[in-house]
file target.txt (compact mmCIF, C-alpha atoms and all ligand atoms)
# COMPACT_ATOMS: atom_id res chain seq x y z
CA MET A 616 -5.06 21.51 -7.14
CA ARG A 617 -5.06 19.05 -10.05
CA LEU A 618 -3.32 15.92 -8.77
CA LEU A 619 -1.97 12.93 -10.65
CA VAL A 620 -2.30 9.81 -8.49
CA CYS A 621 -0.28 6.95 -9.98
CA GLY A 622 -1.40 3.53 -8.78
CA GLY A 623 -4.72 5.00 -7.61
CA ALA A 624 -6.67 1.84 -8.51
CA GLY A 625 -4.93 -0.16 -5.78
CA PHE A 626 -5.67 -0.49 -2.07
CA ILE A 627 -4.06 2.59 -0.51
CA GLY A 628 -4.24 4.72 -3.66
CA SER A 629 -8.01 4.32 -3.99
CA ASN A 630 -8.52 5.05 -0.29
CA PHE A 631 -6.37 8.18 -0.79
CA VAL A 632 -8.41 9.34 -3.82
CA ARG A 633 -11.66 8.82 -1.88
CA LEU A 634 -10.28 10.97 0.96
CA ARG A 635 -9.04 13.76 -1.33
CA LEU A 636 -12.39 13.97 -3.12
CA ARG A 637 -14.16 14.16 0.25
CA GLU A 638 -11.78 16.33 2.22
CA SER A 639 -10.16 18.67 -0.35
CA GLU A 640 -11.07 20.64 -3.46
CA ASP A 641 -8.59 18.62 -5.56
CA GLU A 642 -9.30 17.35 -8.99
CA VAL A 643 -7.77 13.86 -9.23
CA VAL A 644 -6.46 12.02 -12.27
CA VAL A 645 -5.54 8.38 -11.66
CA LEU A 646 -2.98 6.70 -13.92
CA ASP A 647 -2.92 2.95 -13.31
CA LYS A 648 -1.75 -0.12 -15.23
CA LEU A 649 -4.50 -2.27 -13.67
CA THR A 650 -2.31 -5.17 -12.63
CA TYR A 651 -4.00 -7.98 -10.68
CA ALA A 652 -4.03 -5.57 -7.69
CA GLY A 653 -5.52 -2.57 -9.50
CA ARG A 654 -9.30 -2.67 -9.88
CA ARG A 655 -11.94 -0.33 -11.31
CA GLU A 656 -14.24 -1.72 -8.59
CA ASN A 657 -12.21 0.37 -6.14
CA PHE A 658 -13.73 3.53 -7.72
CA HIS A 659 -17.32 2.28 -7.36
CA ASP A 660 -18.49 5.09 -5.07
CA PHE A 661 -16.71 8.02 -6.83
CA ALA A 662 -16.41 6.93 -10.48
CA GLU A 663 -19.08 9.48 -11.50
CA ASP A 664 -17.58 12.40 -9.54
CA PRO A 665 -16.79 15.19 -12.06
CA ARG A 666 -13.51 15.88 -10.18
CA PHE A 667 -12.30 12.29 -10.82
CA HIS A 668 -10.68 11.00 -14.02
CA PHE A 669 -9.14 7.64 -14.80
CA VAL A 670 -6.48 6.84 -17.39
CA HIS A 671 -5.34 3.27 -18.02
CA GLY A 672 -1.55 3.27 -18.46
CA ALA A 673 1.83 2.40 -17.01
CA ILE A 674 4.19 4.78 -15.21
CA GLU A 675 7.12 3.35 -17.19
CA ASP A 676 5.47 4.55 -20.43
CA PRO A 677 6.79 8.12 -21.04
CA GLU A 678 4.11 8.93 -23.64
CA ALA A 679 1.25 7.91 -21.39
CA VAL A 680 2.76 9.92 -18.54
CA ALA A 681 3.30 13.04 -20.71
CA ALA A 682 -0.25 12.86 -22.09
CA VAL A 683 -1.80 12.64 -18.65
CA LEU A 684 0.40 15.38 -17.16
CA ASP A 685 -0.36 17.84 -19.94
CA GLY A 686 -4.10 17.32 -19.65
CA GLY A 687 -4.57 15.50 -22.96
CA ALA A 688 -5.39 12.02 -21.72
CA ALA A 689 -7.93 13.08 -19.11
CA GLY A 690 -9.38 15.97 -21.13
CA GLY A 691 -8.47 18.76 -18.73
CA ALA A 692 -5.87 21.22 -17.48
CA PRO A 693 -2.23 20.32 -16.75
CA VAL A 694 -1.43 18.50 -13.52
CA GLN A 695 0.20 20.44 -10.64
CA ALA A 696 1.53 17.59 -8.45
CA ILE A 697 2.22 13.86 -8.65
CA VAL A 698 1.67 11.32 -5.87
CA ASN A 699 3.16 7.96 -6.80
CA PHE A 700 1.60 4.85 -5.24
CA ALA A 701 2.21 2.66 -8.32
CA ALA A 702 4.11 -0.44 -7.27
CA GLU A 703 4.25 -4.17 -7.01
CA THR A 704 3.63 -4.62 -3.31
CA HIS A 705 3.67 -8.22 -2.19
CA VAL A 706 6.91 -9.53 -0.64
CA ASP A 707 6.08 -13.19 -1.44
CA ARG A 708 5.55 -12.38 -5.14
CA SER A 709 8.84 -10.42 -5.16
CA ILE A 710 10.59 -13.59 -3.98
CA SER A 711 9.09 -15.81 -6.70
CA GLU A 712 8.89 -13.26 -9.58
CA PRO A 713 10.99 -10.15 -9.00
CA ASP A 714 11.10 -8.77 -12.57
CA ALA A 715 7.97 -6.56 -12.43
CA PHE A 716 9.27 -5.05 -9.18
CA VAL A 717 12.43 -3.84 -10.91
CA ARG A 718 10.51 -2.51 -13.93
CA THR A 719 7.90 -0.57 -11.99
CA HIS A 720 10.01 0.69 -9.11
CA ALA A 721 13.19 1.55 -11.05
CA GLN A 722 12.12 2.40 -14.62
CA GLY A 723 8.63 3.61 -13.65
CA THR A 724 9.85 5.96 -10.93
CA TYR A 725 12.56 7.27 -13.27
CA VAL A 726 10.00 8.09 -16.00
CA LEU A 727 7.78 9.94 -13.52
CA LEU A 728 10.72 11.89 -12.08
CA GLU A 729 11.91 12.97 -15.54
CA ALA A 730 8.41 14.10 -16.43
CA ALA A 731 8.10 16.00 -13.12
CA ARG A 732 11.51 17.62 -13.65
CA GLU A 733 10.63 18.85 -17.15
CA ARG A 734 7.51 20.52 -15.74
CA ASP A 735 8.85 21.46 -12.25
CA LEU A 736 6.00 19.62 -10.50
CA ARG A 737 5.68 18.82 -6.83
CA TYR A 738 6.26 15.07 -6.34
CA VAL A 739 5.45 12.71 -3.46
CA GLN A 740 6.86 9.16 -3.48
CA VAL A 741 4.83 6.71 -1.40
CA SER A 742 7.25 4.35 0.31
CA THR A 743 7.48 1.79 3.06
CA ASP A 744 9.06 1.06 6.44
CA GLU A 745 10.56 -2.06 4.81
CA VAL A 746 13.38 0.06 3.32
CA TYR A 747 14.92 0.16 6.82
CA GLY A 748 14.87 -3.62 7.26
CA SER A 749 14.02 -5.29 10.56
CA ILE A 750 14.45 -3.77 14.05
CA GLU A 751 14.51 -5.72 17.36
CA ASP A 752 13.88 -2.82 19.75
CA GLY A 753 12.92 0.81 19.36
CA SER A 754 11.69 2.47 16.17
CA PHE A 755 13.21 3.65 12.91
CA THR A 756 13.57 7.37 12.30
CA GLU A 757 14.08 9.01 8.92
CA ASP A 758 17.86 8.98 9.59
CA SER A 759 18.07 5.22 10.17
CA PRO A 760 20.24 3.34 7.66
CA LEU A 761 18.49 1.73 4.69
CA ARG A 762 18.86 -2.08 4.90
CA PRO A 763 16.16 -3.68 2.76
CA SER A 764 15.83 -7.47 2.86
CA SER A 765 13.56 -8.55 -0.01
CA PRO A 766 13.43 -7.77 -3.74
CA TYR A 767 10.28 -5.74 -2.91
CA SER A 768 11.96 -3.56 -0.31
CA ALA A 769 15.27 -3.34 -2.20
CA THR A 770 13.59 -1.99 -5.33
CA LYS A 771 11.44 0.40 -3.24
CA THR A 772 14.70 1.63 -1.63
CA GLY A 773 16.24 2.14 -5.08
CA ALA A 774 13.23 4.25 -6.06
CA ASP A 775 13.54 6.35 -2.88
CA LEU A 776 17.24 6.99 -3.58
CA LEU A 777 16.44 8.06 -7.14
CA VAL A 778 13.78 10.47 -5.83
CA GLN A 779 16.31 11.98 -3.41
CA SER A 780 18.87 12.33 -6.21
CA TYR A 781 16.36 14.38 -8.24
CA PHE A 782 16.02 16.78 -5.31
CA HIS A 783 19.78 17.06 -4.72
CA THR A 784 20.81 17.21 -8.39
CA TYR A 785 17.97 19.06 -10.09
CA GLY A 786 16.16 20.75 -7.20
CA LEU A 787 12.94 18.81 -7.91
CA PRO A 788 10.50 19.61 -5.06
CA ALA A 789 10.13 15.97 -4.08
CA THR A 790 9.23 14.40 -0.73
CA ILE A 791 8.96 10.78 0.43
CA CYS A 792 6.35 9.38 2.82
CA ARG A 793 7.14 5.95 4.30
CA GLY A 794 4.25 4.04 5.84
CA SER A 795 4.10 1.03 8.10
CA ASN A 796 1.86 -2.00 7.33
CA ASN A 797 -1.52 -0.75 6.13
CA TYR A 798 -4.89 -2.43 6.56
CA GLY A 799 -8.51 -1.51 5.85
CA PRO A 800 -11.12 -1.91 3.09
CA TYR A 801 -10.18 -2.74 -0.54
CA GLN A 802 -6.92 -4.57 0.34
CA TYR A 803 -6.16 -7.48 -2.01
CA PRO A 804 -6.43 -10.77 -0.08
CA GLU A 805 -2.81 -11.84 -0.65
CA LYS A 806 -1.86 -9.71 2.39
CA LEU A 807 -2.07 -11.03 5.95
CA ILE A 808 -5.24 -9.34 7.26
CA PRO A 809 -7.67 -9.76 4.32
CA LEU A 810 -6.28 -13.25 3.62
CA MET A 811 -6.98 -14.35 7.19
CA ILE A 812 -10.42 -12.70 7.24
CA LEU A 813 -11.60 -14.36 4.03
CA ASN A 814 -10.10 -17.74 4.94
CA ALA A 815 -11.71 -17.58 8.39
CA LEU A 816 -15.10 -16.71 6.84
CA HIS A 817 -14.79 -19.69 4.48
CA GLY A 818 -13.37 -22.21 6.97
CA ASP A 819 -10.06 -22.38 5.07
CA ALA A 820 -6.78 -23.01 6.93
CA LEU A 821 -5.04 -19.89 8.32
CA PRO A 822 -1.40 -20.16 7.17
CA VAL A 823 0.96 -18.65 9.75
CA TYR A 824 4.59 -18.27 8.64
CA GLY A 825 7.29 -19.54 11.02
CA ASP A 826 6.47 -19.07 14.71
CA GLY A 827 3.93 -16.27 14.06
CA MET A 828 5.74 -13.91 16.43
CA GLN A 829 6.82 -11.38 13.80
CA VAL A 830 5.60 -7.91 14.71
CA ARG A 831 4.06 -5.31 12.40
CA ASN A 832 3.18 -1.67 13.16
CA TRP A 833 -0.39 -1.50 11.80
CA ILE A 834 -1.76 1.73 10.29
CA HIS A 835 -5.25 2.17 8.88
CA ALA A 836 -5.16 3.14 5.18
CA THR A 837 -7.14 6.34 5.85
CA ASP A 838 -4.53 7.42 8.43
CA PHE A 839 -1.72 6.77 5.95
CA GLY A 840 -3.69 8.58 3.22
CA ARG A 841 -4.07 11.65 5.44
CA ALA A 842 -0.34 11.54 6.29
CA ILE A 843 0.47 11.54 2.56
CA GLY A 844 -1.92 14.49 2.05
CA HIS A 845 -0.15 16.31 4.89
CA VAL A 846 3.27 15.68 3.35
CA LEU A 847 1.98 16.87 -0.02
CA GLU A 848 0.68 20.10 1.47
CA HIS A 849 3.17 20.86 4.26
CA GLY A 850 6.28 18.70 3.69
CA ALA A 851 9.61 20.39 2.98
CA PRO A 852 11.17 19.54 -0.40
CA GLY A 853 13.89 16.88 -0.15
CA GLU A 854 12.60 15.52 3.17
CA VAL A 855 11.47 12.03 4.17
CA TYR A 856 8.53 11.56 6.56
CA ASN A 857 7.70 8.29 8.34
CA ALA A 858 4.04 7.54 9.09
CA GLY A 859 3.64 4.63 11.49
CA GLY A 860 0.44 3.33 13.01
CA PRO A 861 -0.46 3.74 16.70
CA ASP A 862 -0.19 0.02 17.54
CA GLU A 863 2.14 -2.94 17.06
CA CYS A 864 0.94 -6.52 17.09
CA PRO A 865 2.52 -9.97 16.58
CA ASN A 866 1.00 -11.87 13.64
CA MET A 867 -0.38 -14.64 15.85
CA GLU A 868 -2.34 -12.12 17.89
CA VAL A 869 -3.73 -10.56 14.69
CA VAL A 870 -4.87 -14.01 13.57
CA LYS A 871 -6.46 -14.79 16.94
CA ARG A 872 -8.35 -11.49 16.94
CA ILE A 873 -9.66 -12.25 13.44
CA ILE A 874 -10.77 -15.71 14.60
CA GLU A 875 -12.71 -14.04 17.43
CA LEU A 876 -14.28 -11.40 15.15
CA THR A 877 -15.37 -14.01 12.58
CA SER A 878 -16.39 -16.67 15.16
CA ALA A 879 -14.07 -19.13 13.37
CA ASP A 880 -12.36 -22.08 15.02
CA GLU A 881 -8.77 -21.83 16.36
CA SER A 882 -8.07 -25.26 14.84
CA LEU A 883 -7.92 -23.51 11.44
CA ILE A 884 -4.48 -22.11 12.38
CA GLU A 885 -1.76 -23.92 10.48
CA TYR A 886 1.96 -23.22 10.90
CA VAL A 887 3.58 -23.25 7.45
CA THR A 888 7.16 -22.91 6.18
CA ASP A 889 8.56 -19.47 6.93
CA ARG A 890 9.08 -16.82 4.22
CA PRO A 891 12.77 -16.71 3.17
CA GLY A 892 14.55 -13.67 4.68
CA HIS A 893 11.45 -12.86 6.78
CA ASP A 894 11.84 -9.54 8.65
CA ARG A 895 11.09 -10.01 12.35
CA ARG A 896 9.77 -6.61 13.34
CA TYR A 897 8.95 -3.25 11.78
CA SER A 898 8.40 -0.11 13.81
CA LEU A 899 8.36 3.54 12.76
CA SER A 900 8.77 6.73 14.73
CA SER A 901 6.37 9.31 13.26
CA ALA A 902 7.57 12.33 15.31
CA LYS A 903 8.53 14.29 12.18
CA VAL A 904 5.18 14.04 10.42
CA ARG A 905 3.37 14.59 13.72
CA ALA A 906 5.25 17.89 13.97
CA LEU A 907 3.52 18.86 10.70
CA GLY A 908 0.18 18.39 12.48
CA TRP A 909 -0.73 14.79 11.51
CA GLU A 910 -1.68 12.05 13.89
CA PRO A 911 -3.29 8.66 13.46
CA ARG A 912 -6.99 8.50 14.34
CA VAL A 913 -7.73 4.76 14.19
CA ARG A 914 -6.52 2.35 16.87
CA PHE A 915 -5.85 -1.17 15.67
CA ALA A 916 -8.56 -2.92 17.73
CA GLU A 917 -11.28 -0.64 16.37
CA GLY A 918 -9.91 -0.57 12.79
CA LEU A 919 -9.60 -4.35 12.63
CA GLU A 920 -13.20 -4.80 13.78
CA GLN A 921 -14.39 -2.34 11.08
CA THR A 922 -12.26 -4.09 8.47
CA VAL A 923 -13.69 -7.52 9.29
CA ALA A 924 -17.20 -6.01 9.05
CA TRP A 925 -16.34 -4.43 5.68
CA TYR A 926 -15.18 -7.75 4.18
CA ARG A 927 -18.21 -9.53 5.62
CA GLU A 928 -20.56 -6.99 4.03
CA ASN A 929 -18.81 -6.50 0.68
CA THR A 930 -18.84 -9.95 -0.88
CA TRP A 931 -19.38 -8.25 -4.30
CA TRP A 932 -15.84 -6.86 -3.99
CA TRP A 933 -13.93 -10.03 -3.15
CA GLU A 934 -15.99 -12.83 -4.73
CA PRO A 935 -14.60 -12.20 -8.25
CA ILE A 936 -11.05 -12.22 -6.81
CA ARG A 937 -11.49 -15.37 -4.78
CA SER A 938 -13.06 -17.24 -7.68
CA GLY A 939 -10.53 -15.97 -10.29
CA ASP A 940 -6.72 -16.04 -10.85
CA TYR A 941 -6.17 -15.66 -7.10
CA ARG A 942 -7.04 -19.35 -6.68
CA ALA A 943 -4.06 -20.38 -8.84
CA TYR A 944 -1.80 -17.91 -7.00
CA TYR A 945 -2.96 -19.38 -3.70
CA GLU A 946 -2.23 -22.93 -4.80
CA ARG A 947 1.28 -21.99 -5.98
CA GLN A 948 2.05 -20.07 -2.81
CA TYR A 949 0.47 -22.35 -0.20
CA GLY A 950 0.40 -25.73 -1.96
CA ARG A 951 -3.31 -26.20 -1.27
CA SER A 952 -6.66 -25.13 -2.74
CA LEU A 953 -9.18 -22.71 -1.28
CA ALA A 954 -12.66 -23.91 -0.33
P1 LIG B 1 -1.56 -2.42 -4.30
O1 LIG B 1 -0.75 -3.59 -4.76
O2 LIG B 1 -2.91 -2.62 -3.72
O3 LIG B 1 -1.75 -1.40 -5.54
C1 LIG B 1 -0.73 -1.04 -6.42
C2 LIG B 1 -1.37 -0.29 -7.58
O4 LIG B 1 -0.32 0.10 -8.49
C3 LIG B 1 -2.34 -1.16 -8.40
O5 LIG B 1 -3.50 -0.41 -8.71
C4 LIG B 1 -1.56 -1.49 -9.66
O6 LIG B 1 -2.38 -1.72 -10.80
C5 LIG B 1 -0.71 -0.23 -9.82
N1 LIG B 1 0.50 -0.45 -10.62
C6 LIG B 1 1.44 -1.42 -10.45
N2 LIG B 1 2.41 -1.28 -11.36
C7 LIG B 1 2.11 -0.18 -12.10
C8 LIG B 1 2.74 0.49 -13.17
N3 LIG B 1 3.89 0.04 -13.66
N4 LIG B 1 2.16 1.60 -13.67
C9 LIG B 1 0.97 2.05 -13.19
N5 LIG B 1 0.31 1.45 -12.18
C10 LIG B 1 0.88 0.35 -11.63
O7 LIG B 1 -0.60 -1.62 -3.33
P2 LIG B 1 -0.89 -0.77 -2.02
O8 LIG B 1 -0.86 -1.67 -0.87
O9 LIG B 1 -2.04 0.11 -2.25
O10 LIG B 1 0.45 0.10 -1.96
C11 LIG B 1 0.52 1.39 -2.58
C12 LIG B 1 1.87 2.01 -2.26
O11 LIG B 1 2.05 2.12 -0.86
C13 LIG B 1 3.06 1.21 -2.78
O12 LIG B 1 4.01 2.11 -3.30
C14 LIG B 1 3.59 0.51 -1.55
O13 LIG B 1 4.97 0.26 -1.65
C15 LIG B 1 3.28 1.53 -0.48
N6 LIG B 1 3.09 0.97 0.87
C16 LIG B 1 2.23 -0.08 1.06
C17 LIG B 1 2.04 -0.57 2.36
C18 LIG B 1 1.08 -1.71 2.65
O14 LIG B 1 1.03 -2.18 3.78
N7 LIG B 1 0.28 -2.16 1.69
C19 LIG B 1 2.74 0.00 3.42
C20 LIG B 1 3.59 1.08 3.18
C21 LIG B 1 3.75 1.56 1.90
P1 LIG B 2 2.18 -9.14 4.56
O1 LIG B 2 0.74 -8.77 4.70
O2 LIG B 2 2.61 -9.90 3.36
O3 LIG B 2 3.00 -7.79 4.71
P2 LIG B 2 4.61 -7.54 4.87
O4 LIG B 2 5.33 -8.77 4.51
O5 LIG B 2 4.83 -6.46 3.87
O6 LIG B 2 4.81 -7.12 6.28
O7 LIG B 2 2.61 -9.98 5.83
C1 LIG B 2 2.47 -9.44 7.14
C2 LIG B 2 3.06 -10.45 8.10
O8 LIG B 2 2.26 -11.62 8.09
C3 LIG B 2 4.46 -10.89 7.73
O9 LIG B 2 5.21 -11.10 8.94
C4 LIG B 2 4.26 -12.21 7.03
C5 LIG B 2 3.03 -12.78 7.73
N1 LIG B 2 2.17 -13.65 6.90
C6 LIG B 2 1.81 -14.92 7.36
O10 LIG B 2 2.21 -15.35 8.45
N2 LIG B 2 1.01 -15.70 6.57
C7 LIG B 2 0.56 -15.28 5.36
O11 LIG B 2 -0.14 -16.05 4.67
C8 LIG B 2 0.91 -13.97 4.92
C9 LIG B 2 0.44 -13.45 3.59
C10 LIG B 2 1.72 -13.18 5.72
call {"tool": "encode", "arguments": {"input": "target.txt", "output": "structure tokens"}}
result
Amino acid sequence: MRLLVCGGAGFIGSNFVRLRLRESEDEVVVLDKLTYAGRRENFHDFAEDPRFHFVHGAIEDPEAVAAVLDGGAAGGAPVQAIVNFAAETHVDRSISEPDAFVRTHAQGTYVLLEAARERDLRYVQVSTDEVYGSIEDGSFTEDSPLRPSSPYSATKTGADLLVQSYFHTYGLPATICRGSNNYGPYQYPEKLIPLMILNALHGDALPVYGDGMQVRNWIHATDFGRAIGHVLEHGAPGEVYNAGGPDECPNMEVVKRIIELTSADESLIEYVTDRPGHDRRYSLSSAKVRALGWEPRVRFAEGLEQTVAWYRENTWWWEPIRSGDYRAYYERQYGRSLA
């Protein structure tokens, strides 16, 4: 199958492309705007694969999308299915600068859906557990009400609703796959796990929001990537599938495990002002996608250890980030400089 992967230069998208090239016969075309989070470095080990093509462009640009779908932009045959990862993904940035979130999630998703409708293409929207909001006990199912809390999750919810409307109104064979918090290699260090790993390795303070007892349902990016592949191949049109990780963990415990794995000092932990509207706990039931034959393979303890080792060994990947614009972002967000 010739697949269009939008947002494939980011963290989960590039892990997904790597998996598809290894584990399927797919030809993959990535369309990506290369925001701060999208990096050509993420293709380093498959850039020369003849089944891989990259096109620099935005999903909200109808001409770029049409060119890539019809084979023109990547010099090949027309695309048969679209998987859309393209998004602004950091809750803290959505609080300080929400405009790009609205543009990419609303206008961008709309442009992709129109293009898919004109060509009757299979479509998978990559979404998040954050559309359900926070849950104290138990786990969200696909029928739980949508109660997003942040501009990030609200605009992701809007995109999901638009996708569903294209199934109901036009019969577009679209599915949605909602993941819990991902972690693993190639994640931009604005997110909890890579931020704490790199700060711990450098002896920088470890900024814990609020009381640090918020809980996340961690899934390794390769497990989420395989769930998305499963939904693409076996999901029923119009359906939503949740893919949650096998383990839940309070933030403070994540930070303490990272301290242990990096041999850093606990005194680096610093409680900082809480994120406004901070969701307390996320938890997904994955029974529906498990019934399609998927299950997570990576337990959190093992995956976190591998992730710490990956960051330790791949300084070439994060050094340009940590010495570039990220420093200014960090100062704005945390009111202090990095080492
Ligand atoms: P990321 O921020 O690492 O990557 C996003 C990618 O999208 C980047 O390559 C960026 O350049 C690209 N992009 C952004 N705007 C674009 C546009 N307008 N047109 C084309 N490309 C654009 O994000 P990620 O963590 O890999 O997340 C990927 C998807 O998975 C998102 O849809 C996100 O909502 C969803 N998701 C993420 C998590 C998580 O924990 N990170 C969990 C569940 C779901
Ligand atoms: P994050 O990685 O931003 O993912 P999300 O907000 O989408 O769940 O944050 C994960 C958790 O870690 C969340 O409860 C906020 C918390 N957090 C901190 O305590 N300190 C930090 O510096 C960051 C980035 C996050």
call {"tool": "residues_near_ligand", "arguments": {"input": "target.txt", "ligand": "ligand LIG 1 (chain B)", "cutoff": "7 Å", "atoms": "all atoms listed in the file", "output": "PyMOL selection string"}}
result
chain A and resi 621-628+646-654+672-675+699-705+719+723+741-744+771+793-798+802-803
call {"tool": "residues_near_ligand", "arguments": {"input": "target.txt", "ligand": "ligand LIG 2 (chain B)", "cutoff": "10 Å", "atoms": "all atoms listed in the file", "output": "JSON, numbers by chain"}}
result
{"A": [704, 705, 706, 707, 708, 743, 744, 745, 765, 767, 768, 795, 796, 797, 798, 802, 803, 804, 805, 806, 807, 808, 809, 810, 811, 820, 821, 822, 823, 824, 825, 826, 827, 828, 829, 830, 831, 832, 833, 865, 866, 867, 869, 870, 885, 886, 887, 888, 889, 890, 893, 894, 895, 896, 897, 945, 948, 949]}
call {"tool": "closest_atom_pairs", "arguments": {"input": "target.txt", "of": "stretch 695-763 of chain A", "to": "stretch 775-792 of chain A", "cutoff": "12 Å", "atoms": "only C-alpha atoms", "output": "CSV"}}
result
residue,atom,partner,partner_atom,distance
A:Gln695,CA,A:Pro788,CA,11.7
A:Ala696,CA,A:Ala789,CA,9.8
A:Ile697,CA,A:Ala789,CA,9.4
A:Val698,CA,A:Thr790,CA,9.6
A:Asn699,CA,A:Ile791,CA,9.7
A:Phe700,CA,A:Cys792,CA,10.4
A:His720,CA,A:Asp775,CA,9.1
A:Ala721,CA,A:Leu777,CA,8.3
A:Gln722,CA,A:Leu777,CA,10.3
A:Gly723,CA,A:Leu777,CA,11.1
A:Thr724,CA,A:Val778,CA,7.9
A:Tyr725,CA,A:Leu777,CA,7.3
A:Val726,CA,A:Leu777,CA,11.0
A:Leu727,CA,A:Val778,CA,9.8
A:Leu728,CA,A:Val778,CA,7.1
A:Glu729,CA,A:Tyr781,CA,8.7
A:Ala730,CA,A:Leu787,CA,10.7
A:Ala731,CA,A:Leu787,CA,7.6
A:Arg732,CA,A:Leu787,CA,6.0
A:Glu733,CA,A:Leu787,CA,9.5
A:Arg734,CA,A:Leu787,CA,9.7
A:Asp735,CA,A:Leu787,CA,6.5
A:Leu736,CA,A:Pro788,CA,7.1
A:Arg737,CA,A:Pro788,CA,5.2
A:Tyr738,CA,A:Ala789,CA,4.6
A:Val739,CA,A:Thr790,CA,5.0
A:Gln740,CA,A:Ile791,CA,4.7
A:Val741,CA,A:Cys792,CA,5.2
A:Ser742,CA,A:Cys792,CA,5.7
A:Thr743,CA,A:Cys792,CA,7.7
A:Asp744,CA,A:Cys792,CA,9.5
A:Glu745,CA,A:Asp775,CA,11.8
A:Val746,CA,A:Asp775,CA,8.8
A:Tyr747,CA,A:Asp775,CA,11.6
A:Glu757,CA,A:Cys792,CA,9.9
A:Leu761,CA,A:Leu776,CA,9.9
A:Pro763,CA,A:Asp775,CA,11.8
call {"tool": "closest_residue", "arguments": {"input": "target.txt", "among": "A:Ala906, A:Ala774, A:Ala943, A:Ile812", "to": "A:Ala879", "atoms": "only C-alpha atoms"}}
result
A:Ile812
call {"tool": "atom_distance", "arguments": {"input": "target.txt", "atom1": "atom CA of A:Asp641", "atom2": "atom CA of A:Met616"}}
result
4.8 Å
call {"tool": "closest_residue", "arguments": {"input": "target.txt", "among": "A:Thr930, A:Thr922, A:Ser878, A:Thr837", "to": "A:Leu634", "atoms": "only C-alpha atoms"}}
result
A:Thr837
call {"tool": "closest_residue", "arguments": {"input": "target.txt", "among": "A:Asp676, A:Glu946, A:Glu863, A:Asp940", "to": "A:Ser900", "atoms": "all atoms listed in the file"}}
result
A:Glu863
call {"tool": "closest_residue", "arguments": {"input": "target.txt", "among": "A:Trp931, A:Phe839, A:Phe667, A:Tyr801", "to": "A:Glu640", "atoms": "all atoms listed in the file"}}
result
A:Phe667
call {"tool": "residues_around", "arguments": {"input": "target.txt", "residues": "A:Val913", "least_positions_apart": "6", "cutoff": "10 Å", "atoms": "only C-alpha atoms", "output": "ChimeraX atom specification"}}
result
/A:833-838,860-862,919
call {"tool": "write_last_selection", "arguments": {"input": "target.txt", "atoms": "C-alpha atoms", "output": "PDB file, in the coordinates of the input"}}
result
ATOM      1  CA  TRP A 833      -0.390  -1.500  11.800  1.00  0.00           C
ATOM      2  CA  ILE A 834      -1.760   1.730  10.290  1.00  0.00           C
ATOM      3  CA  HIS A 835      -5.250   2.170   8.880  1.00  0.00           C
ATOM      4  CA  ALA A 836      -5.160   3.140   5.180  1.00  0.00           C
ATOM      5  CA  THR A 837      -7.140   6.340   5.850  1.00  0.00           C
ATOM      6  CA  ASP A 838      -4.530   7.420   8.430  1.00  0.00           C
ATOM      7  CA  GLY A 860       0.440   3.330  13.010  1.00  0.00           C
ATOM      8  CA  PRO A 861      -0.460   3.740  16.700  1.00  0.00           C
ATOM      9  CA  ASP A 862      -0.190   0.020  17.540  1.00  0.00           C
ATOM     10  CA  LEU A 919      -9.600  -4.350  12.630  1.00  0.00           C
TER      11      LEU A 919
END
call {"tool": "atom_distance", "arguments": {"input": "target.txt", "atom1": "atom CA of A:Asp664", "atom2": "atom CA of A:Val643"}}
result
9.9 Å
call {"tool": "closest_residue", "arguments": {"input": "target.txt", "among": "A:Ile873, A:Phe669, A:Gly918, A:Leu636", "to": "A:Asn814", "atoms": "all atoms listed in the file"}}
result
A:Ile873
call {"tool": "atom_distance", "arguments": {"input": "target.txt", "atom1": "atom CA of A:Val632", "atom2": "atom CA of A:Glu678"}}
result
23.4 Å
call {"tool": "closest_residue", "arguments": {"input": "target.txt", "among": "A:Ala681, A:Ala689, A:Ala858, A:Val694", "to": "A:Phe755", "atoms": "all atoms listed in the file"}}
result
A:Ala858
